[in-house]
$ cat my_file.txt   # compact mmCIF, C-alpha atoms
# COMPACT_ATOMS: atom_id res chain seq x y z
CA MET A 1 0.00 0.00 0.00
CA THR A 2 1.10 3.55 -0.73
CA ASN A 3 -0.30 6.76 0.74
CA VAL A 4 -0.22 9.72 -1.65
CA ARG A 5 -0.77 13.25 -0.29
CA VAL A 6 -3.06 15.42 -2.41
CA LEU A 7 -3.83 19.16 -2.31
CA THR A 8 -6.38 21.19 -4.28
CA TYR A 9 -6.34 24.99 -4.17
CA ASN A 10 -8.04 27.79 -6.10
CA VAL A 11 -5.40 30.52 -5.84
CA ASN A 12 -7.48 33.38 -7.39
CA PHE A 13 -6.26 34.77 -10.72
CA GLY A 14 -6.67 38.34 -9.41
CA SER A 15 -3.38 38.18 -7.52
CA PHE A 16 -1.57 38.49 -10.86
CA LEU A 17 -2.73 40.95 -13.51
CA THR A 18 -0.95 42.72 -16.36
CA ASP A 19 -0.66 46.45 -16.98
CA GLN A 20 -1.22 48.17 -20.35
CA PHE A 21 2.22 47.00 -21.45
CA GLY A 22 1.54 43.34 -20.65
CA ARG A 23 3.81 43.31 -17.60
CA TRP A 24 2.82 41.21 -14.58
CA ASN A 25 2.48 42.97 -11.26
CA THR A 26 4.83 42.44 -8.34
CA PRO A 27 3.78 39.40 -6.29
CA PRO A 28 1.39 40.59 -3.55
CA PRO A 29 1.44 39.25 0.02
CA GLN A 30 -1.41 36.89 -0.86
CA ALA A 31 0.79 35.13 -3.43
CA ARG A 32 3.49 34.50 -0.83
CA ARG A 33 0.86 33.02 1.46
CA VAL A 34 -0.26 30.67 -1.34
CA LEU A 35 3.34 29.53 -1.75
CA GLN A 36 3.58 28.95 1.98
CA ALA A 37 0.38 26.88 1.97
CA ILE A 38 1.67 24.62 -0.80
CA THR A 39 5.02 24.28 0.94
CA ASP A 40 3.46 23.50 4.31
CA SER A 41 1.18 20.86 2.82
CA ASP A 42 4.14 18.75 1.64
CA ALA A 43 1.74 17.16 -0.86
CA ASP A 44 2.83 14.73 -3.56
CA VAL A 45 0.25 16.09 -6.02
CA VAL A 46 -0.90 19.73 -6.05
CA CYS A 47 -3.80 20.77 -8.28
CA LEU A 48 -4.37 24.52 -8.67
CA GLN A 49 -7.17 26.50 -10.29
CA GLU A 50 -7.31 30.09 -11.63
CA THR A 51 -3.61 30.15 -12.49
CA ASN A 52 -2.03 32.22 -15.26
CA GLU A 53 1.44 33.09 -16.57
CA GLY A 54 2.03 35.36 -13.58
CA TRP A 55 1.31 32.54 -11.15
CA GLU A 56 3.60 30.22 -13.10
CA GLN A 57 6.46 32.71 -13.09
CA PHE A 58 6.07 33.14 -9.34
CA LEU A 59 5.52 29.52 -8.27
CA ARG A 60 7.51 27.39 -10.70
CA PRO A 61 11.10 28.16 -9.54
CA PRO A 62 10.68 27.88 -5.74
CA LEU A 63 8.47 24.79 -6.00
CA ALA A 64 10.87 23.10 -8.41
CA ALA A 65 13.61 23.70 -5.84
CA LEU A 66 11.44 21.88 -3.29
CA GLY A 67 11.11 18.80 -5.51
CA TYR A 68 8.10 19.70 -7.66
CA THR A 69 10.13 19.26 -10.82
CA GLU A 70 7.28 17.93 -12.98
CA GLN A 71 4.74 20.69 -13.59
CA ALA A 72 1.89 20.96 -16.10
CA TRP A 73 0.49 24.50 -16.53
CA LEU A 74 -2.66 25.12 -18.54
CA HIS A 75 -3.06 28.84 -19.22
CA PRO A 76 -6.45 30.40 -20.04
CA SER A 77 -7.44 29.67 -23.63
CA THR A 78 -11.20 30.29 -23.54
CA GLY A 79 -11.19 34.08 -23.04
CA TYR A 80 -11.90 33.87 -19.30
CA TYR A 81 -9.18 34.98 -16.88
CA ALA A 82 -10.15 32.34 -14.30
CA ALA A 83 -9.78 29.44 -16.76
CA GLY A 84 -6.17 28.46 -15.96
CA SER A 85 -5.04 25.42 -13.96
CA ALA A 86 -1.90 23.56 -12.98
CA THR A 87 -0.88 20.13 -11.71
CA LEU A 88 2.42 19.99 -9.83
CA ILE A 89 4.15 16.70 -9.01
CA ARG A 90 6.67 16.18 -6.23
CA ALA A 91 8.95 13.83 -8.17
CA THR A 92 11.52 13.52 -5.38
CA PRO A 93 11.03 10.07 -3.76
CA ARG A 94 9.31 10.14 -0.37
CA LEU A 95 11.29 7.60 1.68
CA ASP A 96 11.49 6.65 5.33
CA SER A 97 14.73 5.98 7.23
CA ALA A 98 14.88 2.45 5.80
CA GLY A 99 14.58 3.67 2.22
CA ASN A 100 10.99 2.50 1.77
CA GLY A 101 8.34 4.71 0.24
CA HIS A 102 7.22 5.90 -3.17
CA SER A 103 7.79 8.37 -5.99
CA CYS A 104 5.40 10.04 -8.44
CA HIS A 105 6.02 10.75 -12.11
CA LEU A 106 3.91 12.65 -14.62
CA LEU A 107 3.19 10.47 -17.65
CA HIS A 108 1.16 13.06 -19.56
CA SER A 109 -1.27 15.93 -19.09
CA ASP A 110 -4.28 16.67 -21.29
CA GLU A 111 -6.43 19.74 -21.73
CA VAL A 112 -10.03 18.51 -21.85
CA PRO A 113 -12.06 20.96 -24.05
CA THR A 114 -15.21 20.88 -21.92
CA SER A 115 -15.96 24.49 -22.92
CA GLU A 116 -16.51 23.17 -26.46
CA SER A 117 -18.36 19.94 -25.68
CA VAL A 118 -20.60 21.10 -22.79
CA THR A 119 -23.11 23.89 -23.39
CA GLY A 120 -22.87 26.48 -20.64
CA CYS A 121 -19.31 25.52 -19.65
CA PHE A 122 -16.68 28.26 -19.88
CA PHE A 123 -13.48 26.67 -18.48
CA ASN A 124 -11.55 23.73 -19.88
CA SER A 125 -10.30 21.08 -17.47
CA GLN A 126 -7.04 19.21 -17.05
CA VAL A 127 -6.37 15.48 -16.63
CA ALA A 128 -2.90 14.48 -15.44
CA SER A 129 -1.89 10.81 -15.59
CA LEU A 130 0.69 9.81 -12.97
CA GLN A 131 2.72 6.73 -12.28
CA VAL A 132 3.29 5.99 -8.59
CA THR A 133 6.24 3.70 -7.96
CA LYS A 134 7.04 1.81 -4.77
CA TRP A 135 10.55 1.99 -3.32
CA ALA A 136 12.24 -0.58 -1.09
CA ASP A 137 15.64 -0.39 0.59
CA GLY A 138 16.43 2.86 -1.21
CA ASN A 139 15.70 1.51 -4.68
CA SER A 140 12.71 1.84 -7.00
CA THR A 141 10.79 -1.37 -7.67
CA THR A 142 8.80 -2.60 -10.66
CA THR A 143 5.58 -2.18 -8.67
CA ASN A 144 3.77 0.77 -10.23
CA GLN A 145 0.24 2.17 -10.34
CA THR A 146 -1.18 4.61 -12.87
CA VAL A 147 -3.56 7.19 -11.36
CA ARG A 148 -5.43 9.97 -13.14
CA PHE A 149 -6.04 13.34 -11.49
CA ALA A 150 -8.96 15.21 -13.06
CA ASN A 151 -8.33 18.86 -12.11
CA ALA A 152 -11.63 20.71 -12.54
CA HIS A 153 -12.81 24.28 -12.22
CA LEU A 154 -16.51 24.02 -12.92
CA ARG A 155 -18.72 26.83 -14.15
CA PRO A 156 -19.22 29.67 -11.62
CA PRO A 157 -22.84 29.85 -10.37
CA LEU A 158 -23.36 33.21 -12.06
CA ALA A 159 -25.05 34.46 -15.21
CA MET A 160 -22.47 34.14 -17.99
CA GLY A 161 -22.40 34.15 -21.77
CA ASN A 162 -25.97 34.29 -23.09
CA ASP A 163 -27.61 33.87 -19.67
CA GLY A 164 -28.65 37.52 -19.48
CA GLU A 165 -27.97 40.04 -16.72
CA GLY A 166 -29.39 41.15 -13.41
CA ILE A 167 -30.62 39.53 -10.23
CA LEU A 168 -33.07 37.13 -11.87
CA ALA A 169 -30.49 35.85 -14.37
CA ASN A 170 -27.96 35.26 -11.59
CA ALA A 171 -30.57 33.55 -9.41
CA ASN A 172 -31.52 31.23 -12.27
CA ALA A 173 -27.85 30.40 -12.91
CA TYR A 174 -27.26 29.69 -9.22
CA LEU A 175 -30.38 27.60 -8.60
CA PHE A 176 -30.80 25.75 -11.89
CA THR A 177 -28.39 26.24 -14.77
CA SER A 178 -25.04 25.74 -13.05
CA SER A 179 -25.85 22.45 -11.32
CA ASN A 180 -26.87 20.79 -14.59
CA VAL A 181 -23.79 22.13 -16.37
CA HIS A 182 -21.53 20.91 -13.54
CA LYS A 183 -22.85 17.36 -13.93
CA ARG A 184 -22.16 17.34 -17.67
CA GLU A 185 -18.68 18.83 -17.15
CA VAL A 186 -17.72 16.04 -14.75
CA GLN A 187 -19.25 13.40 -17.01
CA ALA A 188 -17.05 14.70 -19.84
CA LEU A 189 -13.99 14.43 -17.58
CA ILE A 190 -14.79 10.83 -16.62
CA ALA A 191 -15.40 9.97 -20.28
CA HIS A 192 -11.98 11.41 -21.17
CA CYS A 193 -10.32 9.24 -18.52
CA GLU A 194 -12.11 6.17 -19.90
CA GLN A 195 -10.82 7.01 -23.38
CA LEU A 196 -7.28 7.16 -22.00
CA ASP A 197 -7.74 3.66 -20.55
CA GLY A 198 -8.62 2.26 -23.96
CA ASP A 199 -8.92 -1.52 -23.85
CA GLY A 200 -6.57 -1.79 -20.89
CA GLU A 201 -7.31 -1.97 -17.17
CA SER A 202 -9.05 1.13 -15.86
CA ALA A 203 -6.77 3.44 -13.91
CA PRO A 204 -8.24 4.89 -10.69
CA VAL A 205 -9.38 8.50 -10.98
CA VAL A 206 -9.20 11.30 -8.41
CA VAL A 207 -11.64 14.09 -9.31
CA LEU A 208 -10.75 17.31 -7.53
CA GLY A 209 -10.80 21.08 -7.73
CA ASP A 210 -13.19 24.00 -7.43
CA PHE A 211 -16.65 22.59 -8.16
CA ASN A 212 -18.49 25.83 -7.34
CA GLU A 213 -21.08 23.72 -5.52
CA GLY A 214 -21.57 21.84 -2.28
CA SER A 215 -22.42 18.18 -1.79
CA TRP A 216 -25.96 18.92 -3.00
CA GLY A 217 -24.79 20.02 -6.47
CA GLY A 218 -25.25 18.14 -9.71
CA ALA A 219 -21.62 17.07 -10.17
CA VAL A 220 -20.88 15.96 -6.59
CA SER A 221 -24.25 14.22 -6.27
CA TRP A 222 -23.73 12.32 -9.52
CA LEU A 223 -20.21 11.23 -8.57
CA MET A 224 -21.23 10.11 -5.07
CA LYS A 225 -24.73 8.68 -5.58
CA THR A 226 -24.44 7.27 -9.09
CA CYS A 227 -20.74 6.42 -9.36
CA GLY A 228 -19.87 5.62 -5.73
CA TYR A 229 -17.22 8.26 -5.12
CA LYS A 230 -16.32 9.45 -1.61
CA ASP A 231 -15.62 13.10 -0.80
CA ALA A 232 -12.71 14.20 1.38
CA LEU A 233 -14.96 16.95 2.80
CA GLN A 234 -16.95 14.15 4.44
CA ASN A 235 -13.76 12.45 5.59
CA LEU A 236 -12.27 15.28 7.64
CA GLN A 237 -10.06 15.22 10.68
CA ALA A 238 -12.11 15.83 13.81
CA GLY A 239 -13.48 19.33 14.29
CA GLY A 240 -13.23 22.47 12.22
CA SER A 241 -15.33 24.22 9.59
CA THR A 242 -16.10 22.67 6.21
CA THR A 243 -16.19 26.09 4.54
CA THR A 244 -13.69 26.33 1.68
CA TRP A 245 -14.82 29.60 0.02
CA ARG A 246 -15.63 33.07 1.35
CA TRP A 247 -16.59 36.26 -0.47
CA PRO A 248 -16.86 39.51 1.53
CA LEU A 249 -19.92 41.71 1.22
CA LYS A 250 -20.83 45.08 2.74
CA TRP A 251 -21.44 45.63 6.44
CA GLY A 252 -19.19 42.75 7.48
CA LEU A 253 -21.30 40.11 5.76
CA GLN A 254 -19.91 37.37 3.53
CA LEU A 255 -20.99 34.57 1.24
CA THR A 256 -19.60 31.12 2.08
CA GLY A 257 -19.63 27.65 0.57
CA SER A 258 -18.02 24.21 0.66
CA TYR A 259 -17.02 24.30 -2.98
CA ASP A 260 -13.61 22.58 -3.13
CA HIS A 261 -13.62 18.79 -3.26
CA ILE A 262 -11.36 15.75 -3.58
CA LEU A 263 -13.38 12.71 -4.66
CA VAL A 264 -12.20 9.12 -4.93
CA LYS A 265 -14.10 5.97 -5.92
CA PRO A 266 -13.05 3.22 -3.47
CA SER A 267 -11.94 0.05 -5.24
CA GLN A 268 -9.33 -2.68 -5.05
CA ALA A 269 -6.86 -0.08 -6.36
CA ILE A 270 -7.56 3.08 -4.34
CA GLN A 271 -9.40 4.58 -1.37
CA LEU A 272 -9.40 7.67 0.83
CA VAL A 273 -7.33 7.32 3.98
CA PRO A 274 -9.86 7.57 6.86
CA GLN A 275 -10.07 11.02 8.45
CA SER A 276 -7.18 12.35 6.37
CA GLY A 277 -9.14 15.29 4.97
CA LYS A 278 -8.07 18.72 6.13
CA ILE A 279 -9.24 22.23 5.27
CA TRP A 280 -6.48 24.78 5.88
CA GLN A 281 -8.44 27.61 7.50
CA ASP A 282 -5.18 29.36 8.44
CA PHE A 283 -4.93 30.64 4.86
CA THR A 284 -8.14 32.66 4.52
CA ASP A 285 -5.95 35.71 3.81
CA ALA A 286 -4.35 34.18 0.69
CA SER A 287 -7.33 33.65 -1.63
CA ASP A 288 -11.12 33.57 -1.53
CA HIS A 289 -10.66 29.77 -1.31
CA VAL A 290 -8.63 27.80 1.22
CA PRO A 291 -6.58 24.70 0.38
CA VAL A 292 -8.07 21.23 0.89
CA HIS A 293 -5.74 18.32 1.64
CA CYS A 294 -6.17 14.56 2.01
CA GLU A 295 -4.36 11.26 1.53
CA VAL A 296 -5.32 8.54 -0.93
CA GLN A 297 -4.18 4.96 -0.44
CA LEU A 298 -3.11 2.89 -3.44
CA PHE A 299 -3.11 -0.90 -3.48
CA HIS A 300 -0.49 -2.31 -5.85
CA LYS A 301 -1.78 -5.63 -7.17
CA GLN A 302 0.58 -6.31 -10.04
CA PRO A 303 3.32 -4.57 -12.02
CA PRO A 304 1.92 -2.74 -15.06
CA ASN A 305 3.30 -3.05 -18.54
CA ARG A 306 4.09 0.66 -18.94
CA GLN A 307 7.08 2.63 -17.73
CA PRO A 308 7.52 6.35 -17.15
CA THR A 309 7.64 8.26 -20.42
CA SER A 310 8.52 11.79 -21.38
CA ILE A 311 5.91 14.33 -20.40
CA ARG A 312 3.27 14.80 -23.15
CA PHE A 313 0.77 17.62 -23.41
CA SER A 314 -2.20 17.48 -25.76
CA LYS A 315 -2.70 21.26 -25.82
CA PRO A 316 -0.77 24.25 -24.49
CA CYS A 317 0.09 22.92 -21.04
CA THR A 318 3.67 24.05 -20.43
CA SER A 319 6.23 21.67 -19.00
$ encode --input "my_file.txt" --output "structure tokens"
Amino acid sequence: MTNVRVLTYNVNFGSFLTDQFGRWNTPPPQARRVLQAITDSDADVVCLQETNEGWEQFLRPPLAALGYTEQAWLHPSTGYYAAGSATLIRATPRLDSAGNGHSCHLLHSDEVPTSESVTGCFFNSQVASLQVTKWADGNSTTTNQTVRFANAHLRPPLAMGNDGEGILANANAYLFTSSNVHKREVQALIAHCEQLDGDGESAPVVVLGDFNEGSWGGAVSWLMKTCGYKDALQNLQAGGSTTTWRWPLKWGLQLTGSYDHILVKPSQAIQLVPQSGKIWQDFTDASDHVPVHCEVQLFHKQPPNRQPTSIRFSKPCTS
């Protein structure tokens, strides 16, 4: 068995904007807090949402120095500033004093064009395929497991595109439109993962990111009730708030939601580690979202017939 540490975090694109000359602003204090959150998590796999070139320029060098040497950045390509994402892999082996542990390697990363295939969707998604290798006595073994991480930023629950404007349009988007779109977005992601499997054995899938909905939403409900996935938000360490998003309003009021999820379908290959979920409420000053962390446990049944390959990107994910 191998425990892999996973982090999802919407970092807020607004921390990095360009001026009239296309120059990125100086990193604000919030950006340094995001870097600290990722560093403190010590995760093997970090999935970010709302990234852009400014975020990449700021995060890539220091995180690479910490062992996150395999990085897939997907910059906004749909005309929406919040459409970027990134999957960062800690490729340095995680070993105990006896040299036992595991390492993660990025096999390939794909941009899934959900904005083209799903009506009402405005952000594309990212699927990163990893190979997790067991180590024993300081050496890598031939025991490997392919795992897919579907990094999603689902449609915001607001009137967008041709939805119209005003209070009624936004209320309709929040109560009706968005939930149905979310379900179709996630179904497209799962279908993409199945296509990657081909005729071979299905690789376990971790679906995570900013869903812009709670457990009642169309995407989370479909994954949990129809497909049998389990949510890290319902697998938390004892105590603490389940709020992952806050938006300040006037007079000290704020909107809140449990919008960030890590979902795993328990099987003979993978499961959530009990009570490993954690919401990092210490970082409410870094973004409108806070990072969500958990551990997934892999069960290696047999060596696969594929080895680590060079990193491949289907669309403009930068390596």
$ atom_distance --input "my_file.txt" --atom1 "CA of Ile270 (chain A)" --atom2 "CA of Thr142 (chain A)"
18.4 Å
$ residues_around --input "my_file.txt" --residues "Arg5 (chain A)" --least-positions-apart "5" --cutoff "10 Å" --atoms "all atoms listed in the file" --output "list in words"
Ser41, Asp42, Ala43, Asp44, Val45, Val46, Arg90, Val273, Ser276, His293, Cys294, Glu295, Val296 and Gln297 of chain A
$ closest_residue --input "my_file.txt" --among "A:Asn52, A:Ser97, A:Asn12, A:Ser117" --to "Ala191 (chain A)" --atoms "all atoms listed in the file"
A:Ser117
$ atom_distance --input "my_file.txt" --atom1 "CA of Leu74 (chain A)" --atom2 "CA of Glu53 (chain A)"
9.2 Å
$ closest_atom_pairs --input "my_file.txt" --of "region 180-286 of chain A" --to "region 17-34 of chain A" --cutoff "8 Å" --atoms "only C-alpha atoms" --output "CSV"
residue,atom,partner,partner_atom,distance
A:Phe283,CA,A:Arg33,CA,7.1
A:Asp285,CA,A:Gln30,CA,6.6
A:Ala286,CA,A:Gln30,CA,4.3
$ atom_distance --input "my_file.txt" --atom1 "CA of Ser103 (chain A)" --atom2 "CA of His300 (chain A)"
13.5 Å
$ closest_residue --input "my_file.txt" --among "A:Asn151, A:Ser77, A:Thr141, A:Thr133" --to "Leu189 (chain A)" --atoms "only C-alpha atoms"
A:Asn151
$ closest_residue --input "my_file.txt" --among "A:Ser241, A:Ser115, A:Ser129, A:Ser267" --to "Asp282 (chain A)" --atoms "all atoms listed in the file"
A:Ser241
$ residues_near_point --input "my_file.txt" --point "(-22.5, 12.2, -2.7)" --cutoff "12 Å" --atoms "all atoms listed in the file" --output "count of residues only"
27
$ decode --input "my_file.txt" --residues "region 117-144 of chain A" --atoms "N, CA and C atoms" --output "compact mmCIF listing (two decimals), in the first residue's frame"
# COMPACT_ATOMS: atom_id res chain seq x y z
N SER A 117 -17.46 21.10 -25.63
CA SER A 117 -18.36 19.94 -25.68
C SER A 117 -19.57 20.07 -24.76
N VAL A 118 -19.51 20.97 -23.76
CA VAL A 118 -20.60 21.10 -22.79
C VAL A 118 -21.19 22.50 -22.89
N THR A 119 -22.44 22.59 -23.29
CA THR A 119 -23.11 23.89 -23.39
C THR A 119 -23.22 24.53 -22.00
N GLY A 120 -22.82 25.78 -21.92
CA GLY A 120 -22.87 26.48 -20.64
C GLY A 120 -21.60 26.39 -19.84
N CYS A 121 -20.62 25.62 -20.32
CA CYS A 121 -19.31 25.52 -19.65
C CYS A 121 -18.37 26.55 -20.24
N PHE A 122 -17.55 27.19 -19.40
CA PHE A 122 -16.68 28.26 -19.88
C PHE A 122 -15.19 27.98 -19.62
N PHE A 123 -14.88 26.98 -18.80
CA PHE A 123 -13.48 26.67 -18.48
C PHE A 123 -13.17 25.25 -18.95
N ASN A 124 -12.03 25.07 -19.60
CA ASN A 124 -11.55 23.73 -19.88
C ASN A 124 -10.98 23.10 -18.61
N SER A 125 -10.84 21.79 -18.63
CA SER A 125 -10.30 21.08 -17.47
C SER A 125 -8.99 20.39 -17.85
N GLN A 126 -8.35 19.81 -16.87
CA GLN A 126 -7.04 19.21 -17.05
C GLN A 126 -7.04 17.82 -16.43
N VAL A 127 -6.53 16.83 -17.16
CA VAL A 127 -6.37 15.48 -16.63
C VAL A 127 -4.89 15.11 -16.69
N ALA A 128 -4.31 14.86 -15.53
CA ALA A 128 -2.90 14.48 -15.44
C ALA A 128 -2.82 13.00 -15.08
N SER A 129 -2.08 12.23 -15.86
CA SER A 129 -1.89 10.81 -15.59
C SER A 129 -0.53 10.62 -14.93
N LEU A 130 -0.53 10.00 -13.76
CA LEU A 130 0.69 9.81 -12.97
C LEU A 130 1.02 8.33 -12.85
N GLN A 131 2.28 8.07 -12.67
CA GLN A 131 2.72 6.73 -12.28
C GLN A 131 3.33 6.82 -10.89
N VAL A 132 2.79 6.06 -9.97
CA VAL A 132 3.29 5.99 -8.59
C VAL A 132 4.07 4.70 -8.44
N THR A 133 5.33 4.84 -8.06
CA THR A 133 6.24 3.70 -7.96
C THR A 133 6.64 3.44 -6.52
N LYS A 134 6.59 2.18 -6.11
CA LYS A 134 7.04 1.81 -4.77
C LYS A 134 8.56 1.73 -4.73
N TRP A 135 9.12 2.10 -3.57
CA TRP A 135 10.55 1.99 -3.32
C TRP A 135 10.77 1.06 -2.14
N ALA A 136 11.87 0.31 -2.19
CA ALA A 136 12.24 -0.58 -1.09
C ALA A 136 13.75 -0.57 -0.94
N ASP A 137 14.20 -0.40 0.29
CA ASP A 137 15.64 -0.39 0.59
C ASP A 137 16.40 0.64 -0.25
N GLY A 138 15.77 1.78 -0.49
CA GLY A 138 16.43 2.86 -1.21
C GLY A 138 16.44 2.72 -2.71
N ASN A 139 15.72 1.72 -3.24
CA ASN A 139 15.70 1.51 -4.68
C ASN A 139 14.25 1.44 -5.18
N SER A 140 14.04 1.94 -6.41
CA SER A 140 12.71 1.84 -7.00
C SER A 140 12.45 0.40 -7.40
N THR A 141 11.18 -0.01 -7.32
CA THR A 141 10.79 -1.37 -7.67
C THR A 141 10.02 -1.34 -8.99
N THR A 142 9.61 -2.51 -9.45
CA THR A 142 8.80 -2.60 -10.66
C THR A 142 7.31 -2.56 -10.33
N THR A 143 6.98 -2.27 -9.08
CA THR A 143 5.58 -2.18 -8.67
C THR A 143 5.11 -0.74 -8.87
N ASN A 144 4.24 -0.56 -9.86
CA ASN A 144 3.77 0.77 -10.23
C ASN A 144 2.25 0.80 -10.29
